[in-house]
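J.: Structure below; questions to follow.
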Amino acid sequence: MNKKKIIIVGQGISGTFLSWFCYTTGIDFVVIDAAKENAASRVAAGIINPVTGRRVVKVWLDDILLPFAEKAYTAIGNFLGINAITTTSIIEFFPNPFMRESFLKRLSQKEDYIRLLDDDQPLSPCFNFEFGAGSIEPAYIVNMTALLPTWRNFLKAEQRLIETTFEHAALKISAAGVQYESHQADAIIFCDGVASAANPYFSLLPFALNKGEALLIEAPDLPAGHLYKKSLLLAPMPERGLFWAGTNHIWEFDNENPTKAFYETTAATLKQWLKVPFKIIDHKAALRPATVERRPFAGFHPVYKNVGILNGMGTKGCSLAPYFAHQLVENITGDQPLLKEVDIARFQRILSRTI
Ligand SMILES: Cc1cc2nc3c(=O)[nH]c(=O)nc-3n(C[C@H](O)[C@H](O)[C@H](O)COP(=O)(O)OP(=O)(O)OC[C@H]3O[C@@H](n4cnc5c(N)ncnc54)[C@H](O)[C@@H]3O)c2cc1C
């Protein structure tokens, strides 16, 4: 498939990287985005953690995705004149003896990325902890609060951004291409996050949306050199003294709003964990475009071959989006195959029932 012009719907982290790689590859494109304030990308901390879960196992495709993400964020950051990514470490305070044991077990199996902190005393003026701490490194923190608006401003300056809500009824599709209002293109690709679960072309994909929340706190005495994890994750924000504290996973919800329960539990946890003073200054919530199989969705619709998707980033958009956006662009320019686990060709039968 050799597309010349593409309409991209959505400028979260998926649409940002899809448009970035279109730009660097010389594919003509426009981005339509309504700048939803509580889109997942605008609420996320931007953490890339190389390990996951209680058993502290490496994340899926760590050796491919993480170096690729570091390179991609550095490149877009250099282009925009911002610091888009910082290499850091996560100090993990073991919340109980079992978690400490689990960590030590992985350590004995020579797990990459983790080590025990020989001397955790320097942490004691700031934190209450009883079972010691380990370190996870390298981890990364993406500067989402700078990257998304700076790339957006670039798109605007290049007249490649249409700031409006995309209406499906106005999309016309033919074998020759797609038309949206006055915009003619060879294909359209949806990077519309949770909206895809109601998208007429892709609603049958097995999405498993869930709600996540975070508090923004001011803690000027907390050192900003690391991320800190206990039952919560604390991530330093680019503004001095500000930390992001999250998160949770709510699977049953009837709105996208922040919940009182999360606020109260998190405030109590912070009070118990931190020895330094802090002030809660904001509370945010967003729905994550997660999937049943915990794998992204990328590729073109089996029936409407000019209609594509890059979505399903779940809890890990910051590490997944750069690599799979690049793979989708390579697929467009050179018919390179997409990784089978993300290619929506695996849902050909179900998608053939659409519309
Ligand atoms: C509390 C929380 C914390 C998180 N922390 C992390 C983290 O630390 N690290 C990590 O890797 N991931 C994290 N995530 C997950 C991450 O946020 C997502 O994986 C990622 O942001 C998804 O990006 P996206 O671009 O696919 O979708 P979105 O961010 O949802 O972007 C979709 C875009 O499409 C636009 N759009 C949708 N419909 C329309 C329409 N009809 N017309 C015009 N525009 C439209 C929206 O305005 C939006 O800009 C977190 C998520 C939550 C909720």
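The chains in the structure tokens are called A, B, ... from first to last as shown; in each chain the residues are counted from 1, and the ligands are counted from 1 in the order shown.
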Within 7 Å of ligand 1, which residues of chain A come that close, and what is the closest atom pair and distance in Å for each? Count only C-alpha atoms and all ligand atoms and give it as a tab-separated table.
T.:
```
residue	atom	partner	partner_atom_place_in_ligand_line	distance
A:Val9	CA	ligand 1	44 (N)	5.8
A:Gly10	CA	ligand 1	34 (O)	3.2
A:Gln11	CA	ligand 1	49 (O)	4.4
A:Gly12	CA	ligand 1	25 (O)	3.3
A:Ile13	CA	ligand 1	25 (O)	3.9
A:Ser14	CA	ligand 1	25 (O)	3.8
A:Gly15	CA	ligand 1	25 (O)	5.5
A:Ile32	CA	ligand 1	43 (C)	5.5
A:Asp33	CA	ligand 1	44 (N)	3.6
A:Ala34	CA	ligand 1	44 (N)	4.0
A:Ala35	CA	ligand 1	47 (O)	3.9
A:Lys36	CA	ligand 1	47 (O)	3.8
A:Ala39	CA	ligand 1	30 (O)	4.2
A:Ala40	CA	ligand 1	17 (O)	3.9
A:Ser41	CA	ligand 1	21 (O)	3.2
A:Arg42	CA	ligand 1	29 (O)	6.4
A:Val43	CA	ligand 1	1 (C)	5.5
A:Ala44	CA	ligand 1	4 (C)	3.5
A:Ala45	CA	ligand 1	8 (O)	4.0
A:Gly46	CA	ligand 1	8 (O)	3.9
A:Ile47	CA	ligand 1	8 (O)	3.6
A:Ile48	CA	ligand 1	9 (N)	5.6
A:Thr164	CA	ligand 1	43 (C)	5.7
A:Thr165	CA	ligand 1	42 (N)	3.5
A:Phe166	CA	ligand 1	42 (N)	3.6
A:Glu167	CA	ligand 1	41 (N)	6.0
A:Cys191	CA	ligand 1	26 (O)	5.6
A:Asp192	CA	ligand 1	34 (O)	3.5
A:Gly193	CA	ligand 1	27 (O)	3.5
A:Val194	CA	ligand 1	30 (O)	5.6
A:Ala195	CA	ligand 1	38 (N)	5.0
A:Lys211	CA	ligand 1	53 (C)	6.0
A:Gly212	CA	ligand 1	1 (C)	4.0
A:Glu213	CA	ligand 1	1 (C)	4.2
A:Ala214	CA	ligand 1	1 (C)	5.3
A:Gly246	CA	ligand 1	1 (C)	6.5
A:Thr247	CA	ligand 1	1 (C)	5.6
A:Ala285	CA	ligand 1	1 (C)	5.8
A:Ala286	CA	ligand 1	53 (C)	4.3
A:Leu287	CA	ligand 1	53 (C)	5.2
A:Arg288	CA	ligand 1	53 (C)	4.9
A:Pro289	CA	ligand 1	22 (C)	6.1
A:Leu310	CA	ligand 1	26 (O)	6.9
A:Asn311	CA	ligand 1	26 (O)	4.8
A:Gly312	CA	ligand 1	26 (O)	6.4
A:Met313	CA	ligand 1	19 (O)	4.2
A:Gly314	CA	ligand 1	19 (O)	4.4
A:Thr315	CA	ligand 1	15 (C)	3.9
A:Lys316	CA	ligand 1	11 (O)	3.4
A:Gly317	CA	ligand 1	19 (O)	3.3
A:Cys318	CA	ligand 1	11 (O)	3.6
A:Ser319	CA	ligand 1	11 (O)	5.5
```
J.: Go ahead and save the residues from that selection, with N, CA and C atoms, as a short mmCIF file (atom, residue, chain, number, x, y, z; two decimals), in the first residue's frame.
T.:
```
data_model
loop_
_atom_site.label_atom_id
_atom_site.label_comp_id
_atom_site.auth_asym_id
_atom_site.auth_seq_id
_atom_site.Cartn_x
_atom_site.Cartn_y
_atom_site.Cartn_z
N VAL A 9 -6.57 11.15 12.80
CA VAL A 9 -7.53 11.66 13.78
C VAL A 9 -6.98 11.40 15.18
N GLY A 10 -6.65 12.47 15.90
CA GLY A 10 -6.15 12.35 17.27
C GLY A 10 -4.69 12.77 17.38
N GLN A 11 -4.43 13.58 18.38
CA GLN A 11 -3.04 13.97 18.67
C GLN A 11 -2.72 13.73 20.14
N GLY A 12 -2.99 12.50 20.59
CA GLY A 12 -2.42 12.05 21.85
C GLY A 12 -1.01 11.59 21.51
N ILE A 13 -0.47 10.68 22.31
CA ILE A 13 0.90 10.23 22.04
C ILE A 13 0.95 9.39 20.76
N SER A 14 -0.14 8.66 20.44
CA SER A 14 -0.15 7.85 19.21
C SER A 14 -0.16 8.73 17.98
N GLY A 15 -1.08 9.71 17.96
CA GLY A 15 -1.17 10.61 16.80
C GLY A 15 0.06 11.49 16.68
N ILE A 32 -6.40 15.89 12.69
CA ILE A 32 -7.63 16.47 13.23
C ILE A 32 -7.67 16.12 14.72
N ASP A 33 -7.74 17.12 15.56
CA ASP A 33 -7.77 16.81 17.00
C ASP A 33 -8.58 17.84 17.76
N ALA A 34 -9.39 17.33 18.70
CA ALA A 34 -10.26 18.21 19.46
C ALA A 34 -9.64 18.63 20.79
N ALA A 35 -8.39 18.19 21.05
CA ALA A 35 -7.67 18.55 22.28
C ALA A 35 -8.48 18.24 23.55
N LYS A 36 -9.01 17.04 23.59
CA LYS A 36 -9.76 16.63 24.78
C LYS A 36 -8.85 16.77 26.01
N ALA A 39 -7.84 13.57 27.83
CA ALA A 39 -7.37 12.41 27.05
C ALA A 39 -6.27 11.76 27.88
N ALA A 40 -6.11 10.44 27.74
CA ALA A 40 -5.13 9.70 28.55
C ALA A 40 -3.74 10.33 28.46
N SER A 41 -3.34 10.74 27.27
CA SER A 41 -1.98 11.30 27.10
C SER A 41 -1.78 12.59 27.89
N ARG A 42 -2.88 13.30 28.16
CA ARG A 42 -2.75 14.57 28.90
C ARG A 42 -2.86 14.38 30.41
N VAL A 43 -3.13 13.16 30.83
CA VAL A 43 -3.23 12.87 32.26
C VAL A 43 -2.06 11.97 32.71
N ALA A 44 -1.45 11.28 31.73
CA ALA A 44 -0.37 10.33 32.04
C ALA A 44 0.84 11.01 32.64
N ALA A 45 1.58 10.23 33.45
CA ALA A 45 2.82 10.77 34.03
C ALA A 45 3.95 10.74 33.02
N GLY A 46 3.88 9.83 32.06
CA GLY A 46 4.97 9.72 31.08
C GLY A 46 6.07 8.76 31.51
N ILE A 47 5.72 7.84 32.39
CA ILE A 47 6.74 6.91 32.91
C ILE A 47 6.94 5.73 31.96
N ILE A 48 8.20 5.39 31.74
CA ILE A 48 8.51 4.15 31.05
C ILE A 48 9.29 3.29 32.03
N THR A 164 -10.72 20.54 15.65
CA THR A 164 -12.17 20.35 15.66
C THR A 164 -12.50 18.91 16.05
N THR A 165 -13.76 18.66 16.33
CA THR A 165 -14.19 17.29 16.60
C THR A 165 -14.49 16.60 15.28
N PHE A 166 -13.86 15.49 15.05
CA PHE A 166 -14.11 14.71 13.83
C PHE A 166 -15.50 14.10 13.90
N GLU A 167 -16.27 14.27 12.82
CA GLU A 167 -17.61 13.68 12.78
C GLU A 167 -17.62 12.56 11.74
N CYS A 191 -6.28 7.63 15.55
CA CYS A 191 -5.47 7.56 16.79
C CYS A 191 -6.30 8.24 17.85
N ASP A 192 -7.57 7.86 17.92
CA ASP A 192 -8.54 8.62 18.71
C ASP A 192 -8.75 8.06 20.11
N GLY A 193 -7.80 7.24 20.59
CA GLY A 193 -7.86 6.76 21.97
C GLY A 193 -9.16 6.06 22.28
N VAL A 194 -9.75 6.37 23.44
CA VAL A 194 -10.95 5.63 23.88
C VAL A 194 -12.15 5.85 22.96
N ALA A 195 -12.10 6.91 22.14
CA ALA A 195 -13.23 7.15 21.21
C ALA A 195 -13.34 6.02 20.19
N LYS A 211 -10.54 3.20 33.85
CA LYS A 211 -10.29 4.56 34.31
C LYS A 211 -9.06 4.60 35.23
N GLY A 212 -8.25 5.65 35.07
CA GLY A 212 -7.10 5.84 35.95
C GLY A 212 -7.07 7.26 36.46
N GLU A 213 -6.53 7.44 37.65
CA GLU A 213 -6.51 8.77 38.27
C GLU A 213 -5.13 9.14 38.78
N ALA A 214 -4.94 10.41 39.01
CA ALA A 214 -3.67 10.89 39.57
C ALA A 214 -3.91 12.17 40.34
N GLY A 246 0.16 8.55 41.38
CA GLY A 246 -0.91 7.69 40.87
C GLY A 246 -0.48 6.23 40.87
N THR A 247 -1.31 5.41 40.52
CA THR A 247 -2.60 5.54 39.89
C THR A 247 -3.48 4.36 40.30
N ALA A 285 -8.43 12.55 36.06
CA ALA A 285 -8.80 11.17 35.70
C ALA A 285 -8.91 11.08 34.18
N ALA A 286 -8.65 9.89 33.66
CA ALA A 286 -8.82 9.65 32.22
C ALA A 286 -9.11 8.19 32.00
N LEU A 287 -9.72 7.89 30.85
CA LEU A 287 -9.92 6.49 30.48
C LEU A 287 -8.73 6.03 29.65
N ARG A 288 -8.25 4.83 29.94
CA ARG A 288 -7.13 4.26 29.17
C ARG A 288 -7.69 3.43 28.00
N PRO A 289 -7.14 3.61 26.81
CA PRO A 289 -7.57 2.76 25.68
C PRO A 289 -6.88 1.40 25.75
N LEU A 310 -4.28 3.23 14.94
CA LEU A 310 -3.13 3.03 15.84
C LEU A 310 -3.67 3.34 17.22
N ASN A 311 -3.82 2.32 18.04
CA ASN A 311 -4.57 2.50 19.28
C ASN A 311 -4.28 1.34 20.24
N GLY A 312 -5.07 1.26 21.30
CA GLY A 312 -4.96 0.14 22.24
C GLY A 312 -3.67 0.16 23.05
N MET A 313 -3.18 1.37 23.37
CA MET A 313 -1.88 1.48 24.06
C MET A 313 -1.97 1.15 25.56
N GLY A 314 -3.19 1.07 26.09
CA GLY A 314 -3.36 0.64 27.47
C GLY A 314 -2.59 1.49 28.46
N THR A 315 -1.82 0.83 29.33
CA THR A 315 -1.09 1.55 30.38
C THR A 315 0.30 1.98 29.91
N LYS A 316 0.65 1.67 28.64
CA LYS A 316 2.04 1.86 28.25
C LYS A 316 2.22 2.64 26.95
N GLY A 317 1.37 3.62 26.74
CA GLY A 317 1.45 4.39 25.49
C GLY A 317 2.81 5.03 25.24
N CYS A 318 3.48 5.43 26.31
CA CYS A 318 4.75 6.16 26.11
C CYS A 318 5.83 5.28 25.51
N SER A 319 5.81 3.98 25.83
CA SER A 319 6.83 3.11 25.24
C SER A 319 6.34 2.44 23.95
#
```
J.: I need the strand (DSSP E) residues of region 82-319 of chain A per DSSP on the backbone, written as a PyMOL selection string.
T.: chain A and resi 85-93+114-116+133-142+161-162+171-174+177-180+183-185+187-190+210-218+227-229+233-236+242-246+279-288+297-300+307-311
J.: Using only C-alpha atoms, tabulate the residues of region 27-68 of chain A lying at most 8 Å from any atom of region 107-127 of chain A, each with its closest atom pair and that distance in Å to one decimal, by chain and increasing residue number, as a Markdown table.
T.:
```
| residue | atom | partner | partner_atom | distance |
| --- | --- | --- | --- | --- |
| A:Pro50 | CA | A:Tyr113 | CA | 7.0 |
| A:Val51 | CA | A:Tyr113 | CA | 7.5 |
| A:Val57 | CA | A:Glu111 | CA | 7.8 |
| A:Lys58 | CA | A:Asp112 | CA | 7.9 |
```
J.: Enter the distance from CA of Phe17 (chain A) to CA of Asp343 (chain A), in Å, rounded to one decimal.
T.: 17.5 Å
J.: Neighbouring residues of Arg349 (chain A) were defined as those with any atom within 12 Å, considering only C-alpha atoms; residues of the same chain fewer than 3 positions away were excluded. Please report them as number ranges by chain.
T.: A: 204-205, 301-303, 344-346, 352-354
J.: Using only C-alpha atoms, determine which residues lie at most 7 Å from region 26-31 of chain A, disregarding the query and same-chain residues fewer than 5 positions distant; provide the list as number ranges by chain.
T.: A: 4-10, 160-162
J.: May I have the selected residues written with N, CA and C atoms, as a CSV table (one decimal), in the first residue's frame?
T.:
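Result file is selection-v3.csv:
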```csv
chain,number,residue,atom,x,y,z
A,4,LYS,N,-0.2,8.5,-0.3
A,4,LYS,CA,0.5,9.7,-0.5
A,4,LYS,C,0.0,10.8,0.5
A,5,LYS,N,-1.2,10.8,0.8
A,5,LYS,CA,-1.7,11.7,1.9
A,5,LYS,C,-2.6,11.0,2.9
A,6,ILE,N,-2.4,11.4,4.1
A,6,ILE,CA,-3.1,10.7,5.2
A,6,ILE,C,-3.8,11.7,6.1
A,7,ILE,N,-5.0,11.4,6.5
A,7,ILE,CA,-5.6,12.2,7.6
A,7,ILE,C,-5.5,11.4,8.9
A,8,ILE,N,-4.9,12.0,9.9
A,8,ILE,CA,-4.8,11.4,11.2
A,8,ILE,C,-5.8,12.0,12.2
A,9,VAL,N,-6.6,11.1,12.8
A,9,VAL,CA,-7.5,11.7,13.8
A,9,VAL,C,-7.0,11.4,15.2
A,10,GLY,N,-6.7,12.5,15.9
A,10,GLY,CA,-6.2,12.4,17.3
A,10,GLY,C,-4.7,12.8,17.4
A,160,ARG,N,-1.0,22.0,9.4
A,160,ARG,CA,-1.3,20.6,9.3
A,160,ARG,C,-2.2,20.2,10.5
A,161,LEU,N,-2.8,21.1,11.2
A,161,LEU,CA,-3.7,20.8,12.3
A,161,LEU,C,-5.0,21.4,12.1
A,162,ILE,N,-6.1,20.5,12.3
A,162,ILE,CA,-7.4,21.0,12.2
A,162,ILE,C,-8.0,20.8,13.6
```
J.: What are the closest atom pairs, with distances in Å to one decimal, for all residues of region 267-296 of chain A lying within 12 Å of region 77-97 of chain A? Consider only C-alpha atoms, order rows by chain and residue number, and present the result as a tab-separated table.
T.:
```
residue	atom	partner	partner_atom	distance
A:Thr269	CA	A:Pro95	CA	11.5
A:Trp273	CA	A:Phe93	CA	10.0
A:Leu274	CA	A:Phe93	CA	11.9
```
J.: Considering only C-alpha atoms, can you say which of A:Ala219, A:Ala187, A:Leu155, A:Tyr323 comes closest to Ile64 (chain A)?
T.: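 Between A:Ala219, A:Ala187, A:Leu155, A:Tyr323, the residue approaching Ile64 (chain A) most closely is A:Tyr323.
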J.: Mind giving me the straight-line distance from CA of Asp63 (chain A) to CA of Pro322 (chain A) in Å, one decimal?
T.: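 Separation between CA of Asp63 (chain A) and CA of Pro322 (chain A): 14.2 Å.
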J.: Which of these residues is nearest to Ala208 (chain A), using only C-alpha atoms: A:Glu163, A:Ile280, A:Ile250, A:Pro258?
T.: A:Ile250
J.: Find, counting only C-alpha atoms, the residue in A:Lys340, A:Val329, A:Phe202, A:Gly53 that gets nearest to Tyr23 (chain A).
T.: A:Val329
J.: Taking only C-alpha atoms into account, which of A:His168, A:His326, A:Lys275, A:Lys305 comes nearest Ala72 (chain A)?
T.: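 Distance minimum relative to Ala72 (chain A) lands on A:His326.
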J.: Rank A:Glu158, A:Glu330, A:Asp282, A:Glu101 by their smallest atom-to-atom distance to Gly132 (chain A), using only C-alpha atoms, and report the top residue only.
T.: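 Of the candidates, the smallest distance to Gly132 (chain A) is held by A:Glu101.
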J.: What gap, in Å, lies between CA of Arg240 (chain A) and CA of Phe154 (chain A)?
T.: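 Atom-to-atom, CA of Arg240 (chain A) and CA of Phe154 (chain A) are spaced 25.8 Å apart.
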